[in-house]
Amino acid sequence: MNDPNTTHGMTPEERLIAYLDGELDAEARARFEAEAAADPRLAAELAGHRRVGRRVTGTYAPVLDEPVPPHLVALVTAANDRAPARFGPPRWAALAACLVAGVLVGRLAWPQPGPLADRDGALVARGSLDRALTAQLASDEGPIRIGLTFQAADGRYCRTFADPAEALAGLACRQSGRWLAVTTATLAPAAGAAPAYRTAASETPAAVLAAVDALKAGDALDAKAERAARDRAWVK
Amino acid sequence: MAAFDREIVELLPRLRRLARVLTRSPADADDLVQLSVERALGRRDQWRPGTRLDSWMFRIMKNAWIDETRARSRRSAVLAPEEAGDRVGEDGAAAMQARLEARAVEAAMARLPEDQRLAVALVLVEGLSYAEAAEVLEIPPGTLTSRLVRGRMALAAQLRQDEPEAAP
């Protein structure tokens with residue numbers, strides 16, 4: 001039996017990295033945090049490793065959102081399917097087009113620098129919205145906030161979001177390595193008043209909540225399941 | 001399409017990401033993905049349903065990559081990271097800054113010994129637990145930990161040098 005949670009026999013570096021990777025048990029974790037709180041040098045080292053970790057993950061994260069080259073998909077479909085299954089947006093595009101609220105129609109003509117882009121007829125999250133949907137947890141703070149995360153009946157992960165800077169709220173689902181907007185709505189600007197009291201759920205417009213109800217199969221993910229799904233890169 | 005095939009298709013973005021960490025160019029990365037998928041399809045009988053397909057695929061990719069690097073190191077010395085500057089210029093200054101930032105990380109990763117890079121790729125980039133990563137790499141947990149920690153320390157030492165307001 002290996003016993004990765006004991007601090008006996010761990011070097012200080014191993015312990016620090018194990019802490020960052022969530023590999024310490026609750027007790028060892030608490031002890032480490034107490035030490036870091038009392039030791040500015042350790043705290044600075046921890047912060048430095050956190051920054052480096054974020055830079056490394058941030059460097060490779062965009063690969064997940066690149067379209068997969070068709071020849072790689074074809075390797076699998078061609079080998080096993082006489083009539084290759086259709087990937088990507090066609091069915092979704094139709095659904096998204098039906099559900100997308102009127103506010104968005106005018107925005108479709110936007111040039112690309114918005115939170116959503118028109119790709120092959122589907123509305124796909126891009127830029128900071130895409131990164132928030134991919135990496136952020138509901139408990140994280142940021143210019144964009146994530147509300148509910150849940151699985152649709154076919155297993156796809158879906159998340160509600162609010163982007164006050166764009167006055168945009170919506171629901172997006174993970175499909176073929178991208179976040180497809182299922183519905184969007186205008187976000188009431190009143191939300192800017194008292195940041196401390198805002199929660200993503202309370203500011204979610206009714207149209208988005210209705211779309212959630214229509215798609216949701218089972219309960220929304222709790223914080224642990226949400227983190228686990230993110231760490232698996234939203235693979236069903 | 002069988003569940004196995006569908007899941008492999010769904011894993012393609014992650015396989016491409018892992019390959020991007022291991023190789024030096026996007027083209028090499030997709031070649032590695034292709035090789036790994038071909039091997040996986042050829043060995044589909046060896047996958048046990050109920051076990052993690054991602055770990056199984058990562059192990060296949062790890063072995064494919066090791067085979068490839070062995071063949072390659074006989075042919076040539078270490079290749080420099082490719083395509084300096086090729087991909088900038090799409091969105092202006094912000095994108096250029098992000099690209100430069102990414103290149104610094106890629107260069108630091110490229111300098112790691114292969115075994116450390118694999119450990120960092122699986123744990124830090126792919127988010128596997130230590131136990132899962134050790135299983136993918138087919139090494140004891142203690143070996144995984146020491147490779148991972150050495151890799152992370154080397155990365156930190158290199159990347160902190162170019163932090164603008166380097167707070168010690």
# chains A, B, ... in the order shown; residues from 1 in each chain; ligands from 1

call {"tool": "interface_residues", "arguments": {"of": "chain A", "to": "chain B", "cutoff": "9 Å", "atoms": "only C-alpha atoms", "output": "VMD selection string"}}
result
chain A and resid 2 4 13 to 14 17 to 18 21 to 23 41 44 to 45 48 to 49 51 to 53 55 to 69 71 to 73 75 to 77 79 to 81 84 to 85 175 to 177 231 to 233 235 to 236

call {"tool": "residues_around", "arguments": {"residues": "Leu168 in chain A", "least_positions_apart": "2", "cutoff": "9 Å", "atoms": "only C-alpha atoms", "output": "count of residues only"}}
result
13

call {"tool": "residues_around", "arguments": {"residues": "Leu137 in chain A", "least_positions_apart": "5", "cutoff": "8 Å", "atoms": "only C-alpha atoms", "output": "VMD selection string"}}
result
chain A and resid 146 223 226 to 227

call {"tool": "decode", "arguments": {"residues": "range 98-116 of chain B", "atoms": "N, CA, C and O atoms", "output": "PDB file, in the first residue's frame"}}
result
ATOM      1  N   ALA B  98       0.035  37.115 -25.460  1.00  0.00           N
ATOM      2  CA  ALA B  98      -0.352  35.782 -25.010  1.00  0.00           C
ATOM      3  C   ALA B  98       0.512  34.725 -25.687  1.00  0.00           C
ATOM      4  O   ALA B  98       0.909  33.735 -25.080  1.00  0.00           O
ATOM      5  N   ARG B  99       0.810  34.961 -26.950  1.00  0.00           N
ATOM      6  CA  ARG B  99       1.599  34.002 -27.722  1.00  0.00           C
ATOM      7  C   ARG B  99       3.040  33.955 -27.186  1.00  0.00           C
ATOM      8  O   ARG B  99       3.628  32.893 -27.068  1.00  0.00           O
ATOM      9  N   LEU B 100       3.582  35.138 -26.869  1.00  0.00           N
ATOM     10  CA  LEU B 100       4.933  35.186 -26.315  1.00  0.00           C
ATOM     11  C   LEU B 100       4.978  34.471 -24.973  1.00  0.00           C
ATOM     12  O   LEU B 100       5.906  33.722 -24.666  1.00  0.00           O
ATOM     13  N   GLU B 101       3.952  34.731 -24.191  1.00  0.00           N
ATOM     14  CA  GLU B 101       3.821  34.094 -22.884  1.00  0.00           C
ATOM     15  C   GLU B 101       3.785  32.565 -23.058  1.00  0.00           C
ATOM     16  O   GLU B 101       4.485  31.824 -22.369  1.00  0.00           O
ATOM     17  N   ALA B 102       2.983  32.121 -23.998  1.00  0.00           N
ATOM     18  CA  ALA B 102       2.883  30.685 -24.237  1.00  0.00           C
ATOM     19  C   ALA B 102       4.225  30.119 -24.698  1.00  0.00           C
ATOM     20  O   ALA B 102       4.622  29.028 -24.302  1.00  0.00           O
ATOM     21  N   ARG B 103       4.940  30.887 -25.510  1.00  0.00           N
ATOM     22  CA  ARG B 103       6.229  30.382 -25.999  1.00  0.00           C
ATOM     23  C   ARG B 103       7.232  30.221 -24.866  1.00  0.00           C
ATOM     24  O   ARG B 103       8.038  29.297 -24.877  1.00  0.00           O
ATOM     25  N   ALA B 104       7.172  31.125 -23.888  1.00  0.00           N
ATOM     26  CA  ALA B 104       8.084  31.000 -22.743  1.00  0.00           C
ATOM     27  C   ALA B 104       7.786  29.707 -21.993  1.00  0.00           C
ATOM     28  O   ALA B 104       8.699  28.982 -21.589  1.00  0.00           O
ATOM     29  N   VAL B 105       6.490  29.410 -21.830  1.00  0.00           N
ATOM     30  CA  VAL B 105       6.116  28.182 -21.141  1.00  0.00           C
ATOM     31  C   VAL B 105       6.532  26.963 -21.966  1.00  0.00           C
ATOM     32  O   VAL B 105       7.107  26.003 -21.443  1.00  0.00           O
ATOM     33  N   GLU B 106       6.273  27.020 -23.266  1.00  0.00           N
ATOM     34  CA  GLU B 106       6.636  25.883 -24.123  1.00  0.00           C
ATOM     35  C   GLU B 106       8.137  25.634 -24.101  1.00  0.00           C
ATOM     36  O   GLU B 106       8.591  24.482 -24.064  1.00  0.00           O
ATOM     37  N   ALA B 107       8.916  26.731 -24.099  1.00  0.00           N
ATOM     38  CA  ALA B 107      10.371  26.575 -24.080  1.00  0.00           C
ATOM     39  C   ALA B 107      10.818  25.950 -22.760  1.00  0.00           C
ATOM     40  O   ALA B 107      11.691  25.066 -22.744  1.00  0.00           O
ATOM     41  N   ALA B 108      10.209  26.387 -21.657  1.00  0.00           N
ATOM     42  CA  ALA B 108      10.583  25.826 -20.357  1.00  0.00           C
ATOM     43  C   ALA B 108      10.194  24.347 -20.294  1.00  0.00           C
ATOM     44  O   ALA B 108      10.944  23.516 -19.779  1.00  0.00           O
ATOM     45  N   MET B 109       9.036  24.009 -20.821  1.00  0.00           N
ATOM     46  CA  MET B 109       8.618  22.604 -20.846  1.00  0.00           C
ATOM     47  C   MET B 109       9.569  21.783 -21.712  1.00  0.00           C
ATOM     48  O   MET B 109       9.902  20.646 -21.378  1.00  0.00           O
ATOM     49  N   ALA B 110       9.978  22.372 -22.830  1.00  0.00           N
ATOM     50  CA  ALA B 110      10.837  21.635 -23.750  1.00  0.00           C
ATOM     51  C   ALA B 110      12.187  21.318 -23.118  1.00  0.00           C
ATOM     52  O   ALA B 110      12.843  20.347 -23.494  1.00  0.00           O
ATOM     53  N   ARG B 111      12.599  22.141 -22.173  1.00  0.00           N
ATOM     54  CA  ARG B 111      13.903  21.912 -21.542  1.00  0.00           C
ATOM     55  C   ARG B 111      13.858  20.818 -20.483  1.00  0.00           C
ATOM     56  O   ARG B 111      14.897  20.369 -20.021  1.00  0.00           O
ATOM     57  N   LEU B 112      12.669  20.421 -20.077  1.00  0.00           N
ATOM     58  CA  LEU B 112      12.585  19.366 -19.055  1.00  0.00           C
ATOM     59  C   LEU B 112      12.993  18.020 -19.651  1.00  0.00           C
ATOM     60  O   LEU B 112      12.724  17.752 -20.819  1.00  0.00           O
ATOM     61  N   PRO B 113      13.613  17.168 -18.849  1.00  0.00           N
ATOM     62  CA  PRO B 113      13.835  15.797 -19.306  1.00  0.00           C
ATOM     63  C   PRO B 113      12.492  15.138 -19.613  1.00  0.00           C
ATOM     64  O   PRO B 113      11.479  15.458 -18.993  1.00  0.00           O
ATOM     65  N   GLU B 114      12.515  14.220 -20.561  1.00  0.00           N
ATOM     66  CA  GLU B 114      11.273  13.601 -21.034  1.00  0.00           C
ATOM     67  C   GLU B 114      10.414  13.034 -19.898  1.00  0.00           C
ATOM     68  O   GLU B 114       9.196  13.208 -19.876  1.00  0.00           O
ATOM     69  N   ASP B 115      11.045  12.344 -18.949  1.00  0.00           N
ATOM     70  CA  ASP B 115      10.227  11.694 -17.908  1.00  0.00           C
ATOM     71  C   ASP B 115       9.553  12.726 -17.009  1.00  0.00           C
ATOM     72  O   ASP B 115       8.427  12.537 -16.572  1.00  0.00           O
ATOM     73  N   GLN B 116      10.244  13.849 -16.776  1.00  0.00           N
ATOM     74  CA  GLN B 116       9.626  14.900 -15.953  1.00  0.00           C
ATOM     75  C   GLN B 116       8.498  15.595 -16.714  1.00  0.00           C
ATOM     76  O   GLN B 116       7.458  15.930 -16.151  1.00  0.00           O
TER      77      GLN B 116
END
